[in-house]
file upload.csv (CSV, C-alpha atoms)
chain,number,residue,atom,x,y,z
X,1,MET,CA,-155.1,17.6,33.7
X,2,ARG,CA,-153.2,14.5,34.9
X,3,GLY,CA,-154.4,11.0,36.0
X,4,LYS,CA,-155.0,11.6,39.7
X,5,GLU,CA,-156.6,15.0,39.1
X,6,LEU,CA,-158.8,13.5,36.4
X,7,ILE,CA,-160.1,10.7,38.8
X,8,ARG,CA,-160.8,13.2,41.5
X,9,ASP,CA,-162.6,15.5,39.0
X,10,MET,CA,-164.7,12.6,37.7
X,11,ILE,CA,-165.8,11.7,41.2
X,12,ASN,CA,-166.7,15.3,42.0
X,13,THR,CA,-168.5,15.6,38.6
X,14,TYR,CA,-170.4,12.3,39.3
X,15,PHE,CA,-171.9,13.6,42.6
X,16,MET,CA,-172.6,17.0,41.2
X,17,LEU,CA,-174.4,15.5,38.1
X,18,THR,CA,-176.5,13.2,40.3
X,19,THR,CA,-177.8,16.3,42.2
X,20,MET,CA,-178.3,18.3,39.0
X,21,ILE,CA,-180.1,15.4,37.3
X,22,LEU,CA,-182.5,15.2,40.2
X,23,VAL,CA,-183.2,18.9,40.0
X,24,VAL,CA,-183.8,18.6,36.2
X,25,MET,CA,-186.1,15.6,36.7
X,26,MET,CA,-188.0,17.5,39.3
X,27,VAL,CA,-188.3,20.7,37.2
X,28,LEU,CA,-189.2,19.0,33.8
X,29,GLY,CA,-191.4,16.4,35.5
X,30,THR,CA,-193.4,19.0,37.4
X,31,TYR,CA,-193.9,21.0,34.2
X,32,PHE,CA,-194.5,18.2,31.6
X,33,MET,CA,-195.9,15.3,33.7
X,34,PRO,CA,-197.1,16.4,37.1
X,35,GLU,CA,-199.4,13.4,37.4
X,36,VAL,CA,-196.6,10.7,37.1
X,37,ARG,CA,-195.7,8.8,40.2
X,38,PHE,CA,-192.4,6.9,40.5
X,39,GLY,CA,-191.4,3.6,42.0
X,40,TYR,CA,-188.1,2.8,43.7
X,41,LYS,CA,-186.7,1.6,40.4
X,42,GLN,CA,-186.6,5.1,39.1
X,43,PHE,CA,-183.9,6.1,41.7
X,44,GLU,CA,-181.4,4.3,39.4
X,45,ALA,CA,-181.8,6.8,36.6
X,46,PRO,CA,-179.9,9.8,38.1
X,47,LEU,CA,-177.1,7.4,39.2
X,48,THR,CA,-176.8,5.9,35.8
X,49,TYR,CA,-177.1,9.1,33.9
X,50,ALA,CA,-174.5,10.8,36.1
X,51,ALA,CA,-172.1,7.9,35.5
X,52,TRP,CA,-172.5,8.3,31.7
X,53,GLY,CA,-172.2,12.1,32.0
X,54,THR,CA,-168.9,11.7,33.8
X,55,LEU,CA,-167.2,9.9,30.9
X,56,PRO,CA,-166.6,13.0,28.7
X,57,ASN,CA,-164.3,14.3,31.5
X,58,ILE,CA,-161.7,12.1,29.8
X,59,VAL,CA,-161.2,14.7,27.0
X,60,LEU,CA,-159.6,17.0,29.6
X,61,TYR,CA,-156.8,14.5,30.3
X,62,SER,CA,-153.4,15.7,29.1
X,63,LYS,CA,-149.8,14.9,30.1
X,64,SER,CA,-148.7,18.5,29.6
X,65,GLU,CA,-150.4,21.6,30.9
X,66,LEU,CA,-153.0,22.8,28.4
X,67,SER,CA,-153.1,26.4,27.3
X,68,MET,CA,-156.3,28.5,27.9
X,69,LYS,CA,-157.4,28.0,24.2
X,70,GLN,CA,-156.7,24.3,24.3
X,71,MET,CA,-158.7,23.9,27.5
X,72,LEU,CA,-161.6,26.0,26.1
X,73,PHE,CA,-161.7,23.8,23.0
X,74,ARG,CA,-161.8,20.6,25.1
X,75,LYS,CA,-164.5,22.1,27.3
X,76,ILE,CA,-166.6,22.7,24.2
X,77,ILE,CA,-166.0,19.1,23.1
X,78,GLN,CA,-166.9,17.9,26.6
X,79,LEU,CA,-170.2,19.8,26.5
X,80,VAL,CA,-171.1,18.3,23.1
X,81,LEU,CA,-170.3,14.8,24.3
X,82,VAL,CA,-172.3,15.3,27.5
X,83,GLU,CA,-175.3,16.5,25.4
X,84,VAL,CA,-175.0,13.5,23.0
X,85,ILE,CA,-174.6,11.0,25.9
X,86,VAL,CA,-177.5,12.4,27.9
X,87,VAL,CA,-179.8,12.3,24.9
X,88,LEU,CA,-178.7,8.8,23.9
X,89,VAL,CA,-179.1,7.4,27.4
X,90,ALA,CA,-182.4,9.2,28.1
X,91,LEU,CA,-184.1,8.5,24.7
X,92,PRO,CA,-185.0,4.8,25.4
X,93,ALA,CA,-186.8,5.9,28.6
X,94,GLU,CA,-190.6,5.5,28.6
X,95,VAL,CA,-191.3,9.2,28.9
X,96,PHE,CA,-189.4,10.0,25.6
X,97,LYS,CA,-191.2,7.3,23.6
X,98,GLY,CA,-193.8,8.7,21.1
X,99,GLY,CA,-191.5,11.4,19.8
X,100,ASN,CA,-191.9,14.0,22.5
X,101,ASN,CA,-189.5,16.5,20.8
X,102,GLU,CA,-190.4,19.3,23.2
X,103,LEU,CA,-189.2,17.2,26.1
X,104,VAL,CA,-185.9,16.3,24.3
X,105,ILE,CA,-185.2,19.9,23.5
X,106,SER,CA,-185.9,20.9,27.1
X,107,LEU,CA,-183.5,18.2,28.3
X,108,VAL,CA,-180.7,19.4,25.9
X,109,ALA,CA,-181.4,23.0,27.0
X,110,CYS,CA,-181.3,22.1,30.7
X,111,VAL,CA,-177.9,20.3,30.3
X,112,PHE,CA,-176.5,23.3,28.4
X,113,VAL,CA,-177.8,25.8,31.1
X,114,ILE,CA,-176.4,23.6,33.9
X,115,TYR,CA,-173.0,23.2,32.2
X,116,VAL,CA,-172.7,26.9,31.5
X,117,LEU,CA,-174.0,28.0,34.9
X,118,THR,CA,-171.6,25.6,36.7
X,119,HIS,CA,-168.6,27.0,34.8
X,120,ALA,CA,-169.8,30.6,35.2
X,121,ILE,CA,-170.0,30.2,39.0
X,122,ALA,CA,-166.5,28.5,39.1
X,123,TRP,CA,-165.1,31.3,36.9
X,124,TYR,CA,-166.6,34.0,39.2
X,125,GLN,CA,-165.1,32.3,42.3
X,126,ASP,CA,-161.7,31.9,40.6
X,127,SER,CA,-161.9,35.6,39.5
X,128,ILE,CA,-162.3,36.6,43.2
X,129,THR,CA,-159.4,34.4,44.2
X,130,ALA,CA,-157.2,35.7,41.3
X,131,LYS,CA,-158.0,39.3,42.3
X,132,LYS,CA,-157.0,38.5,45.9
X,133,MET,CA,-153.8,36.8,44.8
X,134,THR,CA,-152.9,39.8,42.6
X,135,GLU,CA,-153.3,42.1,45.6
X,136,GLU,CA,-151.1,39.8,47.7
X,137,LEU,CA,-148.6,39.6,44.9
X,138,MET,CA,-148.2,43.4,44.9
X,139,VAL,CA,-147.6,43.4,48.6
X,140,PHE,CA,-145.1,40.5,48.2
X,141,GLN,CA,-143.2,42.3,45.4
X,142,LYS,CA,-143.0,45.5,47.4
X,143,LYS,CA,-141.8,43.7,50.5
X,144,TYR,CA,-139.0,41.7,48.7
X,145,GLU,CA,-138.0,44.3,46.1
X,146,GLN,CA,-134.3,44.7,46.1
U,1,MET,CA,-111.1,16.4,43.6
U,2,LEU,CA,-109.1,17.9,46.5
U,3,ILE,CA,-110.8,20.9,48.1
U,4,LYS,CA,-108.6,23.6,49.7
U,5,ILE,CA,-110.0,26.6,51.5
U,6,LEU,CA,-107.7,29.4,52.3
U,7,LYS,CA,-108.8,32.2,54.6
U,8,ILE,CA,-107.7,35.6,53.4
U,9,ALA,CA,-107.7,39.1,54.8
U,10,ARG,CA,-110.9,41.2,54.4
U,11,SER,CA,-108.9,43.6,52.3
U,12,GLU,CA,-108.2,41.0,49.6
U,13,PRO,CA,-110.8,40.1,47.0
U,14,GLU,CA,-112.4,36.7,47.3
U,15,GLU,CA,-111.7,34.3,44.4
U,16,LEU,CA,-112.3,30.7,43.4
U,17,GLU,CA,-109.7,28.9,41.3
U,18,ILE,CA,-110.4,25.5,39.8
U,19,ARG,CA,-107.3,23.5,38.9
U,20,CYS,CA,-108.4,20.7,36.6
U,21,HIS,CA,-107.0,18.6,33.8
U,22,GLU,CA,-109.8,19.5,31.5
U,23,GLU,CA,-113.1,21.3,31.7
U,24,THR,CA,-115.5,18.3,32.2
U,25,GLU,CA,-119.2,18.4,32.7
U,26,GLU,CA,-118.6,18.1,36.5
U,27,VAL,CA,-116.4,21.2,36.4
U,28,LYS,CA,-118.9,23.1,34.3
U,29,ASP,CA,-121.6,22.2,36.9
U,30,ILE,CA,-119.4,23.6,39.7
U,31,ILE,CA,-119.0,26.8,37.7
U,32,THR,CA,-122.7,27.1,37.0
U,33,PHE,CA,-123.5,26.5,40.7
U,34,VAL,CA,-121.0,29.2,41.8
U,35,LYS,CA,-122.3,31.6,39.2
U,36,SER,CA,-125.9,31.0,40.4
U,37,ARG,CA,-124.8,31.8,44.0
U,38,GLN,CA,-123.4,35.0,42.6
U,39,GLY,CA,-126.8,35.8,41.1
U,40,LYS,CA,-126.1,34.6,37.5
U,41,LEU,CA,-127.2,31.6,35.4
U,42,THR,CA,-125.4,30.3,32.4
U,43,GLY,CA,-127.3,29.6,29.2
U,44,ILE,CA,-126.7,29.1,25.5
U,45,CYS,CA,-128.4,31.3,22.9
U,46,GLU,CA,-127.6,31.2,19.2
U,47,GLY,CA,-124.6,29.0,19.9
U,48,GLN,CA,-123.0,31.4,22.3
U,49,GLN,CA,-122.7,31.1,26.1
U,50,HIS,CA,-124.2,33.9,28.1
U,51,GLU,CA,-124.4,34.8,31.7
U,52,ILE,CA,-127.9,35.9,32.7
U,53,PRO,CA,-128.5,37.8,35.9
U,54,ILE,CA,-131.2,35.9,37.9
U,55,ALA,CA,-133.1,39.1,38.4
U,56,ASP,CA,-133.7,39.3,34.6
U,57,VAL,CA,-135.0,35.7,34.4
U,58,TYR,CA,-138.8,35.5,33.9
U,59,TYR,CA,-139.2,31.8,34.2
U,60,VAL,CA,-137.4,28.4,33.6
U,61,GLU,CA,-139.2,25.7,31.6
U,62,THR,CA,-138.7,22.1,30.5
U,63,VAL,CA,-139.7,21.5,26.9
U,64,ASP,CA,-139.1,18.0,25.5
U,65,ASN,CA,-136.5,17.1,28.0
U,66,SER,CA,-134.5,20.3,27.4
U,67,VAL,CA,-134.5,23.2,30.0
U,68,PHE,CA,-134.9,26.8,28.8
U,69,ILE,CA,-134.3,30.1,30.6
U,70,TYR,CA,-136.7,32.8,29.5
U,71,GLY,CA,-135.6,36.5,29.6
U,72,GLN,CA,-137.6,39.4,28.5
U,73,ASN,CA,-136.8,38.9,24.8
U,74,LYS,CA,-134.3,36.0,24.7
U,75,VAL,CA,-134.5,32.3,25.4
U,76,TYR,CA,-131.4,30.4,26.6
U,77,GLU,CA,-130.9,26.7,26.8
U,78,THR,CA,-129.2,25.3,29.9
U,79,LYS,CA,-127.8,21.9,30.8
U,80,GLN,CA,-129.1,22.1,34.3
U,81,LYS,CA,-132.1,20.1,35.4
U,82,LEU,CA,-135.3,21.9,36.4
U,83,TYR,CA,-135.3,20.6,39.9
U,84,GLU,CA,-131.7,21.8,40.4
U,85,LEU,CA,-132.7,25.3,39.2
U,86,GLU,CA,-135.8,25.2,41.4
U,87,GLY,CA,-133.7,24.5,44.5
U,88,MET,CA,-131.1,27.1,43.5
U,89,LEU,CA,-133.6,29.9,42.6
U,90,ARG,CA,-136.0,29.4,45.5
U,91,GLU,CA,-134.3,32.0,47.7
U,92,LYS,CA,-134.6,34.4,44.7
U,93,TYR,CA,-138.4,34.2,44.9
U,94,PHE,CA,-138.8,31.6,42.1
U,95,LEU,CA,-141.6,29.0,42.6
U,96,ARG,CA,-142.7,26.0,40.7
U,97,VAL,CA,-146.2,26.7,39.2
U,98,SER,CA,-146.6,23.6,37.0
U,99,LYS,CA,-144.9,20.3,36.4
U,100,SER,CA,-142.6,21.9,33.8
U,101,LEU,CA,-142.2,25.5,34.9
U,102,VAL,CA,-140.5,27.5,37.7
U,103,LEU,CA,-141.7,31.1,37.7
U,104,ASN,CA,-140.0,34.3,39.1
U,105,LEU,CA,-142.7,35.8,41.3
U,106,MET,CA,-141.2,39.2,41.0
U,107,LYS,CA,-142.0,39.3,37.2
U,108,ILE,CA,-145.7,38.6,37.5
U,109,LYS,CA,-147.9,41.6,36.7
U,110,SER,CA,-151.3,40.0,37.5
U,111,ILE,CA,-153.1,36.7,37.9
U,112,LYS,CA,-156.4,35.7,36.2
U,113,PRO,CA,-158.5,32.5,36.1
U,114,ALA,CA,-157.7,30.0,33.3
U,115,LEU,CA,-160.6,27.4,33.5
U,116,ASN,CA,-160.7,24.2,35.5
U,117,GLY,CA,-159.3,25.7,38.8
U,118,ARG,CA,-156.1,26.8,37.1
U,119,TYR,CA,-154.8,30.3,36.9
U,120,SER,CA,-152.8,32.3,34.4
U,121,ALA,CA,-149.9,34.6,35.4
U,122,ILE,CA,-149.5,37.6,33.2
U,123,LEU,CA,-145.9,38.6,33.2
U,124,HIS,CA,-144.3,42.1,32.8
U,125,SER,CA,-143.0,40.9,29.4
U,126,GLY,CA,-146.7,40.4,28.2
U,127,GLU,CA,-146.4,36.6,28.2
U,128,GLU,CA,-148.9,34.4,30.0
U,129,VAL,CA,-148.0,31.2,31.8
U,130,ILE,CA,-150.4,28.6,33.3
U,131,ILE,CA,-150.4,28.0,37.0
U,132,SER,CA,-151.4,24.4,37.5
U,133,ARG,CA,-154.2,23.6,39.9
U,134,LYS,CA,-151.9,21.4,41.9
U,135,TYR,CA,-149.5,24.3,42.7
U,136,VAL,CA,-152.1,27.0,43.5
U,137,ALA,CA,-152.1,26.3,47.2
U,138,GLN,CA,-148.3,26.6,47.3
U,139,LEU,CA,-148.5,29.9,45.4
U,140,LYS,CA,-151.0,31.2,47.9
U,141,CYS,CA,-148.7,30.3,50.8
U,142,ALA,CA,-145.7,31.9,49.0
U,143,LEU,CA,-147.5,35.2,48.5
U,144,LYS,CA,-148.3,35.2,52.2
U,145,GLY,CA,-144.5,34.9,52.7
U,146,GLU,CA,-144.8,31.4,54.2
U,147,VAL,CA,-142.4,29.8,51.7
U,148,PHE,CA,-139.5,32.3,51.5
call {"tool": "encode", "arguments": {"input": "upload.csv", "output": "structure tokens"}}
result
Amino acid sequence: MRGKELIRDMINTYFMLTTMILVVMMVLGTYFMPEVRFGYKQFEAPLTYAAWGTLPNIVLYSKSELSMKQMLFRKIIQLVLVEVIVVLVALPAEVFKGGNNELVISLVACVFVIYVLTHAIAWYQDSITAKKMTEELMVFQKKYEQ
Amino acid sequence: MLIKILKIARSEPEELEIRCHEETEEVKDIITFVKSRQGKLTGICEGQQHEIPIADVYYVETVDNSVFIYGQNKVYETKQKLYELEGMLREKYFLRVSKSLVLNLMKIKSIKPALNGRYSAILHSGEEVIISRKYVAQLKCALKGEVF
């Protein structure tokens, strides 16, 4: 992934993460702390977490085209970095104080599920596109065969 | 260099004669260009110069500032630049699919996803090459016949 692509990707990831973090906060909050009420200040959290979560995208940067294995390896590193950053950024928050391990594990699990799910959906969409392109390729080759 | 064009009868075979003091890089470029127009590329493999029919070329790739022509089993080095070959081979259904690779669309067996919006082209030789995300839209147009 090259410079411009990386920046575009980071912007996309930022907005996607903001939405996902809101969903996670809603799900975990409803389950663990349904009585808690937020002030306007709390709206900062998804925006800050998303900004931090976008940083690991940098590991995908490469001047040359990465092979499938190289990309997969970097994606795994990206996931690990996202998990570490999310935990490090979230831990100082009030709700995690007092060693609420169950909540931390849930947060890590949520990040993992969201990451895998996002990629699974993208892979499924790309598979449909690839199948369509292969079909068009067959028609193309037949048409221009000498 | 003086250029002379002599029209001949249809019964006579067409020919091109280059009269030069020595075979310079410029002359070699002209020869390569003429050969490419005749459906052949010139490449060096194991120290020997070969003429490779364009129809047998799978893809052309730049690696560390050198350009290589990939056949089914052999790899040839060429002095030509990738963009020159891209222009030359376009009418033979070759398309740029990444910053460093021009691919023969007639040699693709199938296409599959390759993470991050990229695709992988599986060639009839069994090799796989990455189609960069930037070039996917152009490939889609090409397959619809909008490029050639």
call {"tool": "closest_atom_pairs", "arguments": {"input": "upload.csv", "of": "chain X", "to": "chain U", "cutoff": "9 Å", "atoms": "all atoms listed in the file", "output": "CSV"}}
result
residue,atom,partner,partner_atom,distance
X:Met1,CA,U:Ser132,CA,8.6
X:Glu5,CA,U:Lys134,CA,8.4
X:Ser64,CA,U:Lys99,CA,8.0
X:Glu65,CA,U:Ser132,CA,7.2
X:Leu66,CA,U:Ile130,CA,8.0
X:Ser67,CA,U:Ile130,CA,6.9
X:Met68,CA,U:Ala114,CA,5.8
X:Met71,CA,U:Leu115,CA,7.2
X:Leu72,CA,U:Leu115,CA,7.6
X:His119,CA,U:Leu115,CA,8.1
X:Ala122,CA,U:Gly117,CA,7.7
X:Trp123,CA,U:Pro113,CA,6.8
X:Tyr124,CA,U:Pro113,CA,8.8
X:Asp126,CA,U:Pro113,CA,5.6
X:Ser127,CA,U:Pro113,CA,5.7
X:Thr129,CA,U:Pro113,CA,8.4
X:Ala130,CA,U:Lys112,CA,5.2
X:Lys131,CA,U:Ile111,CA,7.1
X:Met133,CA,U:Ile111,CA,6.9
X:Thr134,CA,U:Ser110,CA,5.3
X:Glu135,CA,U:Ser110,CA,8.6
X:Glu136,CA,U:Leu143,CA,5.9
X:Leu137,CA,U:Leu143,CA,5.8
X:Met138,CA,U:Lys109,CA,8.4
X:Val139,CA,U:Leu143,CA,8.2
X:Phe140,CA,U:Leu143,CA,5.8
X:Gln141,CA,U:Met106,CA,5.7
X:Tyr144,CA,U:Met106,CA,8.4
X:Glu145,CA,U:Met106,CA,7.9
call {"tool": "residues_around", "arguments": {"input": "upload.csv", "residues": "Ile5 (chain U)", "least_positions_apart": "5", "cutoff": "12 Å", "atoms": "all atoms listed in the file", "output": "list of chain:residue names"}}
result
U:Glu14, U:Glu15, U:Leu16, U:Glu17, U:Ile18
call {"tool": "residues_around", "arguments": {"input": "upload.csv", "residues": "Lys35 (chain U)", "least_positions_apart": "4", "cutoff": "10 Å", "atoms": "all atoms listed in the file", "output": "list in words"}}
result
Asp29, Ile30, Ile31, Gly39, Lys40, Leu41, Thr42, Glu51, Ile52, Pro53 and Ile54 of chain U
call {"tool": "closest_residue", "arguments": {"input": "upload.csv", "among": "X:Lys143, X:Tyr49, X:Thr54, X:Lys4", "to": "Leu91 (chain X)", "atoms": "only C-alpha atoms"}}
result
X:Tyr49
call {"tool": "closest_residue", "arguments": {"input": "upload.csv", "among": "X:Leu6, X:Leu103, X:Leu81, X:Ile128", "to": "Tyr31 (chain X)", "atoms": "all atoms listed in the file"}}
result
X:Leu103
call {"tool": "atom_distance", "arguments": {"input": "upload.csv", "atom1": "CA of Ile44 (chain U)", "atom2": "CA of Val97 (chain U)"}}
result
24.0 Å
call {"tool": "residues_around", "arguments": {"input": "upload.csv", "residues": "region 42-46 of chain X", "least_positions_apart": "6", "cutoff": "12 Å", "atoms": "all atoms listed in the file", "output": "PyMOL selection string"}}
result
chain X and resi 14-26+36+52-54+86+89-90+92-95
call {"tool": "residues_around", "arguments": {"input": "upload.csv", "residues": "Gln72 (chain U)", "least_positions_apart": "5", "cutoff": "10 Å", "atoms": "all atoms listed in the file", "output": "list of chain:residue names"}}
result
U:Asp56, U:Val57, U:Tyr58, U:Tyr59, U:Lys107, U:Leu123, U:His124, U:Ser125, U:Gly126, U:Glu127
call {"tool": "build_atoms", "arguments": {"input": "upload.csv", "residues": "region 99-119 of chain U", "atoms": "N, CA and C atoms", "output": "CSV table (one decimal), in the coordinates of the input"}}
result
chain,number,residue,atom,x,y,z
U,99,LYS,N,-145.8,21.4,36.4
U,99,LYS,CA,-144.9,20.3,36.4
U,99,LYS,C,-143.6,20.7,35.7
U,100,SER,N,-143.7,21.6,34.7
U,100,SER,CA,-142.6,21.9,33.8
U,100,SER,C,-142.1,23.3,33.9
U,101,LEU,N,-142.6,24.1,34.9
U,101,LEU,CA,-142.2,25.5,34.9
U,101,LEU,C,-142.0,26.1,36.3
U,102,VAL,N,-140.8,26.8,36.4
U,102,VAL,CA,-140.5,27.5,37.7
U,102,VAL,C,-140.5,29.0,37.3
U,103,LEU,N,-141.3,29.7,38.1
U,103,LEU,CA,-141.7,31.1,37.7
U,103,LEU,C,-141.1,32.1,38.7
U,104,ASN,N,-140.5,33.2,38.2
U,104,ASN,CA,-140.0,34.3,39.1
U,104,ASN,C,-141.2,35.2,39.5
U,105,LEU,N,-141.6,35.1,40.8
U,105,LEU,CA,-142.7,35.8,41.3
U,105,LEU,C,-142.6,37.3,41.2
U,106,MET,N,-141.4,37.8,41.1
U,106,MET,CA,-141.2,39.2,41.0
U,106,MET,C,-141.5,39.8,39.6
U,107,LYS,N,-141.7,38.8,38.6
U,107,LYS,CA,-142.0,39.3,37.2
U,107,LYS,C,-143.5,39.1,36.9
U,108,ILE,N,-144.3,38.8,37.8
U,108,ILE,CA,-145.7,38.6,37.5
U,108,ILE,C,-146.4,40.0,37.7
U,109,LYS,N,-147.2,40.3,36.6
U,109,LYS,CA,-147.9,41.6,36.7
U,109,LYS,C,-149.3,41.4,37.3
U,110,SER,N,-150.0,40.3,36.9
U,110,SER,CA,-151.3,40.0,37.5
U,110,SER,C,-151.6,38.6,37.3
U,111,ILE,N,-152.7,38.1,38.0
U,111,ILE,CA,-153.1,36.7,37.9
U,111,ILE,C,-154.6,36.7,37.5
U,112,LYS,N,-155.0,35.8,36.6
U,112,LYS,CA,-156.4,35.7,36.2
U,112,LYS,C,-156.8,34.2,36.1
U,113,PRO,N,-158.1,33.9,36.2
U,113,PRO,CA,-158.5,32.5,36.1
U,113,PRO,C,-158.2,32.0,34.7
U,114,ALA,N,-158.0,30.6,34.6
U,114,ALA,CA,-157.7,30.0,33.3
U,114,ALA,C,-158.5,28.7,33.2
U,115,LEU,N,-159.7,28.6,33.7
U,115,LEU,CA,-160.6,27.4,33.5
U,115,LEU,C,-160.1,26.2,34.3
U,116,ASN,N,-161.0,25.5,34.9
U,116,ASN,CA,-160.7,24.2,35.5
U,116,ASN,C,-159.9,24.4,36.8
U,117,GLY,N,-160.1,25.5,37.5
U,117,GLY,CA,-159.3,25.7,38.8
U,117,GLY,C,-157.9,26.1,38.6
U,118,ARG,N,-157.5,26.4,37.3
U,118,ARG,CA,-156.1,26.8,37.1
U,118,ARG,C,-156.1,28.3,37.0
U,119,TYR,N,-154.9,28.9,37.0
U,119,TYR,CA,-154.8,30.3,36.9
U,119,TYR,C,-153.7,30.7,35.9
